[in-house]
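Below is start21.txt, holding compact mmCIF, C-alpha atoms and all ligand atoms.
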```
# COMPACT_ATOMS: atom_id res chain seq x y z
CA MET L 43 -18.70 20.85 -14.00
CA SER L 44 -19.42 18.91 -17.17
CA THR L 45 -19.58 15.17 -17.09
CA ARG L 46 -17.39 13.59 -19.72
CA PRO L 47 -18.59 10.31 -21.18
CA LEU L 48 -16.74 7.47 -19.42
CA VAL L 49 -13.38 7.06 -21.23
CA PRO L 50 -13.76 9.00 -24.48
CA GLY L 51 -11.58 8.02 -27.44
CA HIS L 52 -10.50 4.76 -25.91
CA ALA L 53 -12.16 1.93 -27.78
CA ASP L 54 -9.26 1.13 -30.14
CA ALA L 55 -6.59 1.36 -27.47
CA LEU L 56 -8.53 -0.95 -25.16
CA GLU L 57 -9.21 -3.45 -27.92
CA ARG L 58 -5.52 -3.55 -28.76
CA ALA L 59 -4.60 -3.99 -25.08
CA ARG L 60 -7.10 -6.81 -24.66
CA ARG L 61 -5.65 -8.69 -27.64
CA VAL L 62 -2.07 -8.85 -26.42
CA THR L 63 -1.89 -8.22 -22.68
CA ALA L 64 -3.07 -10.47 -19.88
CA SER L 65 -4.88 -7.69 -18.10
CA GLU L 66 -8.63 -8.09 -18.43
CA LYS L 67 -9.68 -8.80 -14.86
CA TRP L 68 -7.02 -7.17 -12.72
CA ASP L 69 -5.80 -4.25 -14.82
CA LEU L 70 -9.05 -3.27 -16.53
CA ASP L 71 -12.12 -4.53 -14.66
CA ARG L 72 -10.73 -3.99 -11.16
CA ARG L 73 -8.93 -0.73 -11.90
CA PHE L 74 -9.70 1.71 -14.68
CA PRO L 75 -10.48 0.94 -18.34
CA LEU L 76 -7.73 3.34 -19.33
CA VAL L 77 -4.55 2.98 -21.31
CA LEU L 78 -2.28 5.60 -19.80
CA ASP L 79 0.40 7.54 -21.59
CA ARG L 80 2.33 9.86 -19.27
CA ALA L 81 2.29 11.57 -15.91
CA SER L 82 3.75 14.63 -14.26
CA GLY L 83 3.38 15.27 -10.55
CA ALA L 84 -0.19 14.18 -9.71
CA GLU L 85 -1.41 14.74 -13.29
CA VAL L 86 -1.76 11.90 -15.74
CA TRP L 87 -2.92 11.61 -19.35
CA ASP L 88 -4.38 8.64 -21.17
CA VAL L 89 -3.56 7.76 -24.79
CA ALA L 90 -6.61 9.68 -25.98
CA GLY L 91 -5.26 12.84 -24.34
CA ASN L 92 -7.72 12.96 -21.42
CA ARG L 93 -6.24 14.43 -18.26
CA TYR L 94 -6.77 12.97 -14.78
CA VAL L 95 -5.60 13.71 -11.26
CA ASP L 96 -4.06 10.78 -9.44
CA PHE L 97 -4.86 10.52 -5.73
CA THR L 98 -3.03 7.22 -5.31
CA SER L 99 0.61 8.28 -5.88
CA CYS L 100 0.68 5.47 -8.46
CA SER L 101 -0.47 2.88 -5.91
CA GLY L 102 1.75 4.48 -3.31
CA ALA L 103 4.91 4.06 -5.39
CA ALA L 104 5.58 7.76 -6.03
CA PRO L 105 4.86 9.88 -2.92
CA LEU L 106 6.65 12.87 -4.46
CA GLY L 107 4.60 12.58 -7.66
CA SER L 108 5.64 11.27 -11.07
CA GLY L 109 8.78 12.69 -12.68
CA HIS L 110 10.02 14.40 -9.53
CA ARG L 111 12.93 16.48 -10.89
CA PRO L 112 15.65 15.91 -8.27
CA VAL L 113 15.07 12.15 -8.42
CA LEU L 114 15.06 12.09 -12.23
CA GLU L 115 18.21 14.18 -12.41
CA ARG L 116 20.03 11.97 -9.93
CA VAL L 117 19.06 8.88 -11.94
CA MET L 118 20.12 10.39 -15.25
CA THR L 119 23.44 11.59 -13.83
CA GLU L 120 24.13 8.19 -12.28
CA LEU L 121 23.10 6.35 -15.43
CA SER L 122 25.64 8.18 -17.55
CA ARG L 123 28.35 8.23 -14.85
CA SER L 124 28.22 4.56 -13.86
CA GLY L 125 26.72 2.83 -16.89
CA GLY L 126 23.66 1.86 -14.87
CA ILE L 127 24.64 -1.71 -14.12
CA LEU L 128 27.84 -3.25 -12.75
CA PRO L 129 29.23 -6.80 -13.06
CA GLY L 130 29.08 -7.47 -9.30
CA PRO L 131 26.26 -6.99 -6.81
CA LEU L 132 28.11 -4.83 -4.26
CA SER L 133 28.21 -1.22 -5.30
CA ALA L 134 29.10 1.93 -3.39
CA LEU L 135 25.53 3.16 -3.84
CA ARG L 136 24.06 -0.05 -2.41
CA VAL L 137 26.24 0.36 0.68
CA GLU L 138 25.32 4.04 0.97
CA LEU L 139 21.61 3.24 0.78
CA ALA L 140 21.92 0.49 3.40
CA GLU L 141 23.59 3.06 5.68
CA ARG L 142 20.75 5.52 5.05
CA LEU L 143 18.15 2.90 5.92
CA ALA L 144 20.03 2.06 9.11
CA SER L 145 19.93 5.71 10.17
CA LEU L 146 16.27 6.17 9.21
CA PHE L 147 15.02 2.88 10.71
CA PRO L 148 17.01 1.86 13.80
CA VAL L 149 15.91 -1.77 13.34
CA ALA L 150 17.53 -1.86 9.87
CA GLU L 151 21.01 -2.93 11.00
CA ARG L 152 21.42 -4.82 7.73
CA SER L 153 19.46 -4.85 4.50
CA PHE L 154 19.10 -6.77 1.25
CA PHE L 155 17.49 -5.32 -1.87
CA PHE L 156 15.05 -6.58 -4.49
CA ARG L 157 12.80 -5.00 -7.09
CA THR L 158 9.33 -5.83 -5.72
CA GLY L 159 7.50 -5.90 -2.42
CA SER L 160 6.56 -9.55 -3.01
CA CYS L 161 10.24 -10.54 -3.19
CA ALA L 162 11.01 -8.64 0.02
CA THR L 163 8.22 -10.31 2.02
CA THR L 164 9.11 -13.76 0.69
CA ALA L 165 12.73 -13.16 1.66
CA ALA L 166 11.69 -12.01 5.15
CA VAL L 167 9.75 -15.22 5.69
CA ARG L 168 12.68 -17.32 4.42
CA LEU L 169 15.15 -15.53 6.72
CA ALA L 170 12.85 -15.97 9.73
CA ARG L 171 12.48 -19.68 9.03
CA VAL L 172 16.20 -20.22 8.58
CA HIS L 173 17.08 -18.15 11.67
CA SER L 174 14.53 -19.85 13.94
CA GLY L 175 14.62 -23.35 12.52
CA ALA L 176 10.80 -23.37 12.69
CA ARG L 177 8.46 -23.60 9.67
CA THR L 178 5.17 -22.10 10.82
CA VAL L 179 4.46 -18.54 9.75
CA LEU L 180 1.36 -16.68 10.87
CA THR L 181 0.27 -13.87 8.61
CA SER L 182 -2.29 -11.08 8.25
CA GLY L 183 -2.82 -8.64 5.42
CA TYR L 184 -1.55 -8.49 1.85
CA HIS L 185 2.10 -9.32 1.19
CA GLY L 186 2.19 -9.75 -2.59
CA TRP L 187 1.49 -12.47 -5.13
CA HIS L 188 3.87 -15.26 -4.10
CA ASP L 189 2.45 -18.70 -3.33
CA TRP L 190 3.22 -18.87 0.42
CA HIS L 191 0.83 -16.01 0.98
CA LEU L 192 -1.68 -15.90 -1.87
CA GLN L 193 -3.15 -19.25 -0.90
CA ASP L 194 -5.49 -17.66 1.61
CA ARG L 195 -6.89 -14.91 -0.64
CA GLY L 196 -10.25 -16.48 -1.52
CA PRO L 197 -11.09 -15.27 -5.02
CA MET L 198 -7.49 -15.53 -6.17
CA GLY L 199 -7.55 -19.32 -6.05
CA PRO L 200 -5.28 -21.77 -4.30
CA PRO L 201 -1.79 -22.05 -5.78
CA ASN L 202 0.64 -24.64 -4.36
CA ARG L 203 -0.34 -24.65 -0.76
CA ASP L 204 2.29 -23.92 1.88
CA PRO L 205 0.83 -25.91 4.79
CA ASP L 206 2.94 -23.97 7.28
CA SER L 207 1.72 -20.49 6.42
CA LEU L 208 -1.56 -19.64 8.17
CA ASP L 209 -3.68 -16.51 8.19
CA PHE L 210 -4.71 -15.30 11.65
CA ARG L 211 -6.92 -12.61 10.07
CA TYR L 212 -5.73 -9.84 12.44
CA ASP L 213 -7.47 -11.71 15.24
CA LEU L 214 -5.35 -12.07 18.38
CA ASP L 215 -7.48 -14.97 19.68
CA LEU L 216 -7.00 -16.81 16.41
CA LEU L 217 -3.27 -16.06 16.54
CA ASP L 218 -3.08 -17.67 20.00
CA ALA L 219 -5.04 -20.70 18.84
CA LEU L 220 -2.93 -21.21 15.70
CA ALA L 221 0.33 -20.72 17.60
CA THR L 222 -0.77 -23.29 20.16
CA THR L 223 -1.81 -25.93 17.63
CA HIS L 224 0.83 -25.27 14.94
CA GLY L 225 3.83 -24.00 16.93
CA PRO L 226 6.70 -23.49 17.20
CA VAL L 227 6.17 -20.33 15.17
CA ALA L 228 9.04 -18.92 13.11
CA ALA L 229 7.48 -15.52 12.58
CA VAL L 230 4.35 -13.45 12.52
CA ILE L 231 4.22 -11.16 9.48
CA VAL L 232 1.64 -8.41 9.46
CA THR L 233 0.71 -5.50 7.23
CA PRO L 234 -0.47 -2.58 9.37
CA GLU L 235 -4.04 -1.76 8.37
CA VAL L 236 -3.78 1.67 9.92
CA ASN L 237 -7.36 2.76 9.26
CA PHE L 238 -8.87 -0.26 10.99
CA PHE L 239 -6.51 -1.15 13.83
CA PRO L 240 -4.96 1.36 16.26
CA GLN L 241 -1.33 1.45 17.35
CA GLU L 242 -2.51 -0.05 20.63
CA TYR L 243 -3.56 -3.14 18.65
CA ALA L 244 -0.10 -3.37 17.09
CA ARG L 245 1.51 -3.32 20.54
CA ALA L 246 -0.86 -6.02 21.79
CA LEU L 247 0.03 -8.05 18.71
CA GLN L 248 3.73 -7.63 19.42
CA ASP L 249 3.19 -8.85 23.00
CA ALA L 250 1.41 -11.95 21.67
CA VAL L 251 4.18 -12.61 19.14
CA ARG L 252 6.82 -12.44 21.88
CA ARG L 253 4.75 -14.66 24.16
CA HIS L 254 4.84 -17.34 21.49
CA GLY L 255 8.60 -16.92 21.01
CA ALA L 256 8.22 -15.88 17.37
CA LEU L 257 9.97 -13.23 15.31
CA LEU L 258 7.94 -10.15 14.33
CA ILE L 259 8.03 -8.99 10.72
CA VAL L 260 6.22 -5.73 9.98
CA ASP L 261 5.40 -5.48 6.28
CA GLU L 262 5.99 -1.77 5.73
CA VAL L 263 5.81 -1.92 1.93
CA MET L 264 2.85 0.46 2.07
CA THR L 265 3.49 2.32 5.32
CA GLY L 266 7.30 2.62 5.58
CA LEU L 267 7.70 5.94 3.79
CA ARG L 268 4.11 7.17 4.00
CA TYR L 269 2.67 6.71 7.49
CA ALA L 270 5.34 8.65 9.39
CA THR L 271 9.06 9.35 9.28
CA GLY L 272 10.69 6.15 10.53
CA GLY L 273 7.73 4.05 9.40
CA TYR L 274 4.70 2.65 11.16
CA HIS L 275 6.67 0.52 13.60
CA THR L 276 8.54 3.54 14.96
CA ALA L 277 5.34 5.57 15.35
CA ALA L 278 3.61 2.67 17.10
CA GLY L 279 6.60 1.95 19.36
CA LEU L 280 7.22 -1.53 17.92
CA THR L 281 10.57 -3.29 17.84
CA PRO L 282 10.23 -5.74 14.95
CA ASP L 283 12.96 -8.18 14.02
CA LEU L 284 12.52 -7.52 10.30
CA ILE L 285 10.74 -4.95 8.16
CA THR L 286 10.03 -4.85 4.46
CA LEU L 287 10.01 -1.65 2.41
CA SER L 288 9.21 -0.80 -1.18
CA LYS L 289 6.55 1.72 -2.14
CA GLY L 290 7.97 5.19 -2.14
CA LEU L 291 11.50 4.03 -1.43
CA ALA L 292 12.77 5.15 -4.85
CA ASN L 293 9.75 7.29 -5.84
CA GLY L 294 8.53 4.91 -8.50
CA THR L 295 11.73 3.21 -9.58
CA ALA L 296 11.39 -0.50 -8.75
CA LEU L 297 13.21 -1.18 -5.50
CA SER L 298 12.40 -3.05 -2.30
CA ALA L 299 14.26 -4.09 0.80
CA VAL L 300 14.15 -6.55 3.62
CA ALA L 301 15.97 -5.12 6.61
CA GLY L 302 16.35 -5.82 10.28
CA ARG L 303 18.35 -7.06 13.20
CA ALA L 304 21.80 -8.23 12.16
CA ALA L 305 21.36 -11.59 13.90
CA VAL L 306 18.25 -12.40 11.82
CA MET L 307 19.52 -10.88 8.57
CA ASN L 308 22.67 -12.99 8.94
CA ALA L 309 20.55 -16.06 8.23
CA VAL L 310 21.19 -15.09 4.62
CA GLU L 311 24.58 -16.79 5.03
CA ASP L 312 22.81 -20.13 5.62
CA THR L 313 20.41 -19.86 2.69
CA TYR L 314 20.36 -17.97 -0.57
CA LEU L 315 18.61 -14.78 -1.62
CA GLY L 316 19.09 -13.97 -5.28
CA ASN L 317 18.62 -10.79 -7.25
CA THR L 318 20.60 -10.21 -10.42
CA TYR L 319 19.42 -6.61 -10.32
CA GLN L 320 21.21 -5.68 -7.14
CA ARG L 321 23.84 -4.92 -9.78
CA GLU L 322 21.68 -2.15 -11.21
CA VAL L 323 22.72 1.02 -9.44
CA THR L 324 20.16 3.53 -10.69
CA PRO L 325 17.39 2.38 -8.28
CA PHE L 326 19.81 3.05 -5.41
CA ALA L 327 20.48 6.52 -6.81
CA ALA L 328 16.72 7.12 -7.09
CA ALA L 329 16.25 5.95 -3.50
CA LEU L 330 19.01 8.18 -2.13
CA ALA L 331 17.50 11.19 -3.91
CA THR L 332 14.00 10.24 -2.70
CA LEU L 333 15.07 9.85 0.93
CA GLU L 334 16.85 13.20 0.67
CA ALA L 335 13.65 14.82 -0.64
CA LEU L 336 11.58 13.24 2.15
CA ALA L 337 14.10 14.01 4.90
CA ASP L 338 12.77 17.32 6.22
CA GLY L 339 9.20 16.06 6.49
CA THR L 340 7.72 18.75 4.22
CA ALA L 341 6.53 16.28 1.59
CA LEU L 342 4.88 14.05 4.18
CA ALA L 343 3.20 17.09 5.73
CA ARG L 344 1.82 18.06 2.30
CA MET L 345 0.46 14.52 1.74
CA HIS L 346 -1.16 14.78 5.16
CA GLU L 347 -2.70 18.16 4.35
CA VAL L 348 -4.08 17.02 0.97
CA GLY L 349 -5.46 13.83 2.50
CA ALA L 350 -7.13 15.68 5.38
CA GLN L 351 -8.84 18.08 2.95
CA LEU L 352 -10.00 15.23 0.73
CA ILE L 353 -11.38 13.32 3.70
CA HIS L 354 -13.27 16.41 4.78
CA GLY L 355 -14.56 17.16 1.26
CA LEU L 356 -15.69 13.59 0.60
CA ASN L 357 -17.44 13.32 3.96
CA SER L 358 -19.22 16.63 3.29
CA ALA L 359 -20.52 15.28 -0.04
CA PHE L 360 -21.65 12.05 1.65
CA ALA L 361 -23.45 14.06 4.36
CA HIS L 362 -25.00 16.40 1.78
CA HIS L 363 -26.62 13.43 0.02
CA SER L 364 -27.38 11.58 3.28
CA THR L 365 -25.37 8.68 1.95
CA ALA L 366 -24.03 5.92 4.17
CA ALA L 367 -20.40 6.33 3.16
CA TRP L 368 -17.33 7.42 5.07
CA ALA L 369 -13.77 8.56 4.31
CA PHE L 370 -11.32 7.82 7.15
CA ALA L 371 -8.77 7.78 8.90
CA HIS L 372 -4.99 8.36 8.36
CA PRO L 373 -4.81 11.27 5.88
CA THR L 374 -1.79 10.06 3.90
CA MET L 375 -3.43 6.67 3.25
CA PHE L 376 -7.16 6.73 3.88
CA ASP L 377 -10.03 4.44 2.93
CA VAL L 378 -13.46 5.22 1.51
CA VAL L 379 -16.16 2.80 2.57
CA PHE L 380 -19.76 2.68 1.34
CA ALA L 381 -22.46 0.68 3.10
CA ASP L 382 -23.53 -0.30 -0.43
CA ALA L 383 -20.41 -1.41 -2.33
CA ARG L 384 -22.24 -1.13 -5.66
CA LEU L 385 -22.84 2.57 -4.99
CA GLY L 386 -19.18 2.96 -4.03
CA GLN L 387 -18.12 1.46 -7.35
CA ALA L 388 -20.50 3.74 -9.27
CA PHE L 389 -19.20 6.77 -7.34
CA CYS L 390 -15.58 5.97 -8.21
CA ARG L 391 -16.51 5.43 -11.87
CA GLN L 392 -18.22 8.82 -11.87
CA MET L 393 -15.13 10.38 -10.30
CA TRP L 394 -12.71 9.07 -12.90
CA SER L 395 -15.07 10.00 -15.70
CA ARG L 396 -14.69 13.54 -14.29
CA GLY L 397 -10.91 13.23 -14.29
CA PHE L 398 -10.12 12.00 -10.75
CA LEU L 399 -8.66 8.52 -10.46
CA MET L 400 -10.40 6.60 -7.70
CA GLN L 401 -11.04 2.90 -7.50
CA TYR L 402 -13.51 1.44 -5.00
CA GLY L 403 -11.69 -0.60 -2.37
CA GLY L 404 -8.39 1.04 -3.35
CA ARG L 405 -6.83 3.19 -0.68
CA LEU L 406 -6.38 6.89 -1.43
CA MET L 407 -2.76 7.99 -1.03
CA PRO L 408 -2.29 11.54 -2.30
CA SER L 409 1.15 12.62 -3.45
CA ALA L 410 2.99 15.70 -2.25
CA ALA L 411 2.71 17.04 -5.82
CA THR L 412 -1.09 17.49 -5.65
CA ALA L 413 -2.08 21.04 -6.65
CA ASP L 414 -4.58 23.00 -4.55
CA ALA L 415 -6.72 23.69 -7.65
CA ASP L 416 -7.02 19.97 -8.38
CA LEU L 417 -7.89 19.24 -4.78
CA ASP L 418 -10.66 21.87 -4.81
CA ALA L 419 -11.95 20.58 -8.14
CA ALA L 420 -12.06 17.01 -6.81
CA VAL L 421 -14.06 18.03 -3.75
CA LYS L 422 -16.55 19.91 -5.96
CA ALA L 423 -16.76 16.98 -8.40
CA ALA L 424 -17.49 14.54 -5.56
CA ASP L 425 -20.88 16.12 -4.97
CA ASP L 426 -21.92 15.80 -8.65
CA ALA L 427 -20.40 12.36 -8.93
CA LEU L 428 -22.35 11.12 -5.94
CA ALA L 429 -25.62 12.52 -7.28
CA ALA L 430 -24.96 10.78 -10.61
CA ALA L 431 -24.00 7.52 -8.88
CA LEU L 432 -27.15 7.59 -6.76
CA ALA L 433 -29.25 8.11 -9.90
CA GLU L 434 -27.32 5.44 -11.83
CA THR L 435 -27.76 2.78 -9.16
CA GLY L 436 -31.27 3.80 -8.17
CA THR L 437 -30.12 4.00 -4.58
CA GLY L 438 -32.38 6.18 -2.49
CA ASP L 439 -31.49 8.26 0.52
CA MET L 440 -29.87 6.28 3.26
CA GLN L 441 -29.54 7.71 6.69
CA ALA L 442 -25.81 8.07 7.23
CA GLY L 443 -23.57 8.68 10.17
CA ARG L 444 -24.85 6.29 12.76
CA ASP L 445 -21.97 4.63 14.49
CA GLY L 446 -23.32 1.13 14.15
CA GLU L 447 -23.75 1.54 10.42
CA LEU L 448 -20.13 2.61 9.97
CA LEU L 449 -18.95 -0.34 12.03
CA ALA L 450 -21.01 -2.76 9.96
CA ALA L 451 -19.71 -1.29 6.67
CA ALA L 452 -16.12 -1.26 7.94
CA THR L 453 -16.44 -4.86 9.11
CA GLU L 454 -17.60 -6.03 5.70
CA PHE L 455 -14.94 -3.96 3.91
CA ALA L 456 -12.18 -5.35 6.15
CA ARG L 457 -13.42 -8.93 5.69
CA GLU L 458 -13.51 -8.55 1.94
CA ARG L 459 -10.25 -6.60 1.56
CA PHE L 460 -7.92 -8.28 4.01
CA LEU L 461 -9.87 -11.12 5.63
CA ALA L 462 -10.09 -9.56 9.10
CA THR L 463 -12.52 -11.40 11.36
CA PRO L 464 -15.65 -9.45 12.38
CA ASP L 465 -14.70 -9.91 16.05
CA THR L 466 -11.34 -8.21 15.71
CA VAL L 467 -12.79 -5.26 13.76
CA LYS L 468 -15.48 -4.91 16.42
CA THR L 469 -12.88 -4.89 19.19
CA TRP L 470 -10.41 -2.45 17.67
CA PHE L 471 -11.97 -0.26 14.95
CA ARG L 472 -13.43 2.38 17.24
CA ARG L 473 -10.06 2.97 18.88
CA VAL L 474 -8.24 3.96 15.65
CA GLU L 475 -6.49 7.31 15.92
CA ARG L 476 -8.23 9.90 13.69
CA PRO L 477 -5.65 12.67 13.26
C1 LIG H 1 1.84 -4.35 2.27
C2 LIG H 1 2.28 -4.89 0.93
N1 LIG H 1 3.18 -5.88 0.88
C3 LIG H 1 3.62 -6.37 -0.29
C4 LIG H 1 3.15 -5.88 -1.49
C5 LIG H 1 3.63 -6.46 -2.79
O1 LIG H 1 4.41 -5.54 -3.48
P1 LIG H 1 4.66 -5.73 -5.04
O2 LIG H 1 3.37 -5.49 -5.74
O3 LIG H 1 5.70 -4.70 -5.38
O4 LIG H 1 5.18 -7.12 -5.26
C6 LIG H 1 2.21 -4.85 -1.48
C7 LIG H 1 1.67 -4.31 -2.74
O5 LIG H 1 0.69 -3.61 -2.79
C8 LIG H 1 1.75 -4.34 -0.23
O6 LIG H 1 0.85 -3.36 -0.17
```
As structure tokens, what does this structure read like?
Ligand SMILES: Cc1ncc(COP(=O)(O)O)c(C=O)c1O
Amino acid sequence: MSTRPLVPGHADALERARRVTASEKWDLDRRFPLVLDRASGAEVWDVAGNRYVDFTSCSGAAPLGSGHRPVLERVMTELSRSGGILPGPLSALRVELAERLASLFPVAERSFFFRTGSCATTAAVRLARVHSGARTVLTSGYHGWHDWHLQDRGPMGPPNRDPDSLDFRYDLDLLDALATTHGPVAAVIVTPEVNFFPQEYARALQDAVRRHGALLIVDEVMTGLRYATGGYHTAAGLTPDLITLSKGLANGTALSAVAGRAAVMNAVEDTYLGNTYQREVTPFAAALATLEALADGTALARMHEVGAQLIHGLNSAFAHHSTAAWAFAHPTMFDVVFADARLGQAFCRQMWSRGFLMQYGGRLMPSAATADADLDAAVKAADDALAAALAETGTGDMQAGRDGELLAAATEFARERFLATPDTVKTWFRRVERP
């Protein structure tokens, strides 16, 4: 396969973007230096006409692939039928979607909708505090960009500190210590890091949360529609008080939800959650069509199949070049970890220069729209890309595959990505289910 120069035909478009958008560090440096134009299924084209294959489902937002016909048609029909937005926030479609969520997620007795995952997690924390009367919130994992949470993400800087929101870094000992010194605890909110912590960990966490008399919020923004039907909490046998949903809920149309036990959701009557755009009905139409398309499990099974083949193909390339790198574990949302992060970054750059969008540190979440030919091509390209990355970085052969090496690389990756303590990764990582 030929190696295209990195981003051909892009200089002008990037220059223009740099002049007027605030996107240098996060949108360009940390992702891809690409200005994108359009997508269809898992295919995407940049403004210079280069074609790529997306293995991220648009950061998890579109599990059915971009432009999924039944979803688009439902949105277009609803847009012309209803006008798209109504003067009041209670619409028939909002009620219908809340009913659908209640049947899909038994915990979702009541729900409230927003546009972003960040709004849903912030609302969940507010509801837990109002319901419990306590201020302290213990948190692990990413929950969005709002101040109460972002304060603990090192390189992102400290915005207005919320002194009552504390990161327990997925460490159950630290959770106990923080709950003891800072209790009473309103809630523990956790994002399941499914490739690093097994379901057994999640159940032990739930036991600890209950022991401290706190509410459990499972942030299912990433996992809710992708890990398993009914979400991560159902698969792991958890009974959270609240969940948050967003990615995949409306296959790319901006929509999120906080949902949960009626008694906790009813705290909304004693506070205020605002969202002008609960009046916009098209996201609800997109969500109803998306949930219908996901209902029989075929799409999830396809994501699983694509992910499993990619994991296998990537690991074969890593073994072929004796490179200390690993693709694991849950096929619909797996991670790729290199012992040498610089090599991992070079590998991903080489992959997108060959037309396969990968970003080091970014989870791979294939969509159900991925074509077999693109999957095969990606696996073949991985071998070339790795050879080029090894040459580019001057990294020699590294003996891969030893258990200890994987644990060390995973520990560093988990510390850097979501602040997990080395102790907790050491305790739980080996027990992760590898389907
Ligand atoms: C688990 C989790 N929670 C919350 C968010 C924030 O969602 P948004 O970017 O829509 O605000 C994300 C986004 O990646 C997420 O992965």
Would you list the residues that come within 7 Å of ligand LIG 1 (chain H)? Count all atoms listed in the file and give the answer as a list in words.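 Those within range of ligand LIG 1 (chain H) are Thr158, Gly159, Ser160, Cys161, Thr163, Tyr184, His185, Gly186, Trp187, Thr233, Asp261, Glu262, Val263, Met264 and Ser288 of chain L.
If only C-alpha atoms are the atoms counted, then among L:Thr412, L:Gln248, L:Thr318, L:Ser122 the closest residue to Ala84 (chain L) is L:Thr412.
Among the candidates L:Gly302, L:Pro325, L:Gly403, L:Pro464, the one nearest to Glu151 (chain L) when counting only C-alpha atoms is L:Gly302.
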So the first atom is CA of His372 (chain L) and the second is CA of Ala256 (chain L); what is the distance between them in Å, to one decimal place? 29.0 Å
Given the choices L:Leu428, L:Leu406, L:Tyr243, L:Thr164, which gets closest to Val300 (chain L) if the distance is worked out from all atoms listed in the file?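 Result for the nearest residue to Val300 (chain L): L:Thr164.
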Closest to Ala244 (chain L) among L:Ala277, L:Val310, L:Leu267, L:Leu216, using all atoms listed in the file?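 Ranked by minimum distance to Ala244 (chain L), first place goes to L:Ala277.
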Closest of L:Tyr269, L:Ser133, L:Leu284, L:Ala229 to Ser153 (chain L) - atom-to-atom distances counting only C-alpha atoms: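 Ranking L:Tyr269, L:Ser133, L:Leu284, L:Ala229 by distance to Ser153 (chain L), first place goes to L:Leu284.
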Could region 206-221 of chain L be completed with N, CA and C atoms and written as a PDB file, keeping the file's coordinate frame, please?
```pdb
ATOM      1  N   ASP L 206       2.417 -24.578   6.056  1.00  0.00           N
ATOM      2  CA  ASP L 206       2.940 -23.970   7.280  1.00  0.00           C
ATOM      3  C   ASP L 206       2.773 -22.458   7.324  1.00  0.00           C
ATOM      4  N   SER L 207       2.001 -21.924   6.398  1.00  0.00           N
ATOM      5  CA  SER L 207       1.720 -20.490   6.420  1.00  0.00           C
ATOM      6  C   SER L 207       0.214 -20.311   6.640  1.00  0.00           C
ATOM      7  N   LEU L 208      -0.158 -19.684   7.750  1.00  0.00           N
ATOM      8  CA  LEU L 208      -1.560 -19.640   8.170  1.00  0.00           C
ATOM      9  C   LEU L 208      -1.984 -18.214   8.472  1.00  0.00           C
ATOM     10  N   ASP L 209      -3.190 -17.870   8.023  1.00  0.00           N
ATOM     11  CA  ASP L 209      -3.680 -16.510   8.190  1.00  0.00           C
ATOM     12  C   ASP L 209      -4.439 -16.376   9.519  1.00  0.00           C
ATOM     13  N   PHE L 210      -3.976 -15.488  10.391  1.00  0.00           N
ATOM     14  CA  PHE L 210      -4.710 -15.300  11.650  1.00  0.00           C
ATOM     15  C   PHE L 210      -5.712 -14.149  11.565  1.00  0.00           C
ATOM     16  N   ARG L 211      -5.851 -13.559  10.407  1.00  0.00           N
ATOM     17  CA  ARG L 211      -6.920 -12.610  10.070  1.00  0.00           C
ATOM     18  C   ARG L 211      -7.001 -11.442  11.078  1.00  0.00           C
ATOM     19  N   TYR L 212      -5.857 -10.984  11.506  1.00  0.00           N
ATOM     20  CA  TYR L 212      -5.730  -9.840  12.440  1.00  0.00           C
ATOM     21  C   TYR L 212      -6.388 -10.120  13.788  1.00  0.00           C
ATOM     22  N   ASP L 213      -6.709 -11.369  14.046  1.00  0.00           N
ATOM     23  CA  ASP L 213      -7.470 -11.710  15.240  1.00  0.00           C
ATOM     24  C   ASP L 213      -6.517 -12.317  16.280  1.00  0.00           C
ATOM     25  N   LEU L 214      -6.354 -11.627  17.399  1.00  0.00           N
ATOM     26  CA  LEU L 214      -5.350 -12.070  18.380  1.00  0.00           C
ATOM     27  C   LEU L 214      -5.749 -13.399  19.030  1.00  0.00           C
ATOM     28  N   ASP L 215      -7.050 -13.668  19.136  1.00  0.00           N
ATOM     29  CA  ASP L 215      -7.480 -14.970  19.680  1.00  0.00           C
ATOM     30  C   ASP L 215      -7.112 -16.089  18.704  1.00  0.00           C
ATOM     31  N   LEU L 216      -7.341 -15.810  17.429  1.00  0.00           N
ATOM     32  CA  LEU L 216      -7.000 -16.810  16.410  1.00  0.00           C
ATOM     33  C   LEU L 216      -5.491 -17.019  16.356  1.00  0.00           C
ATOM     34  N   LEU L 217      -4.740 -15.933  16.518  1.00  0.00           N
ATOM     35  CA  LEU L 217      -3.270 -16.060  16.540  1.00  0.00           C
ATOM     36  C   LEU L 217      -2.847 -17.002  17.667  1.00  0.00           C
ATOM     37  N   ASP L 218      -3.418 -16.798  18.859  1.00  0.00           N
ATOM     38  CA  ASP L 218      -3.080 -17.670  20.000  1.00  0.00           C
ATOM     39  C   ASP L 218      -3.411 -19.121  19.695  1.00  0.00           C
ATOM     40  N   ALA L 219      -4.602 -19.326  19.115  1.00  0.00           N
ATOM     41  CA  ALA L 219      -5.040 -20.700  18.840  1.00  0.00           C
ATOM     42  C   ALA L 219      -4.121 -21.358  17.816  1.00  0.00           C
ATOM     43  N   LEU L 220      -3.786 -20.628  16.742  1.00  0.00           N
ATOM     44  CA  LEU L 220      -2.930 -21.210  15.700  1.00  0.00           C
ATOM     45  C   LEU L 220      -1.521 -21.480  16.227  1.00  0.00           C
ATOM     46  N   ALA L 221      -1.015 -20.540  17.048  1.00  0.00           N
ATOM     47  CA  ALA L 221       0.330 -20.720  17.600  1.00  0.00           C
ATOM     48  C   ALA L 221       0.363 -21.951  18.517  1.00  0.00           C
TER      49      ALA L 221
END
```
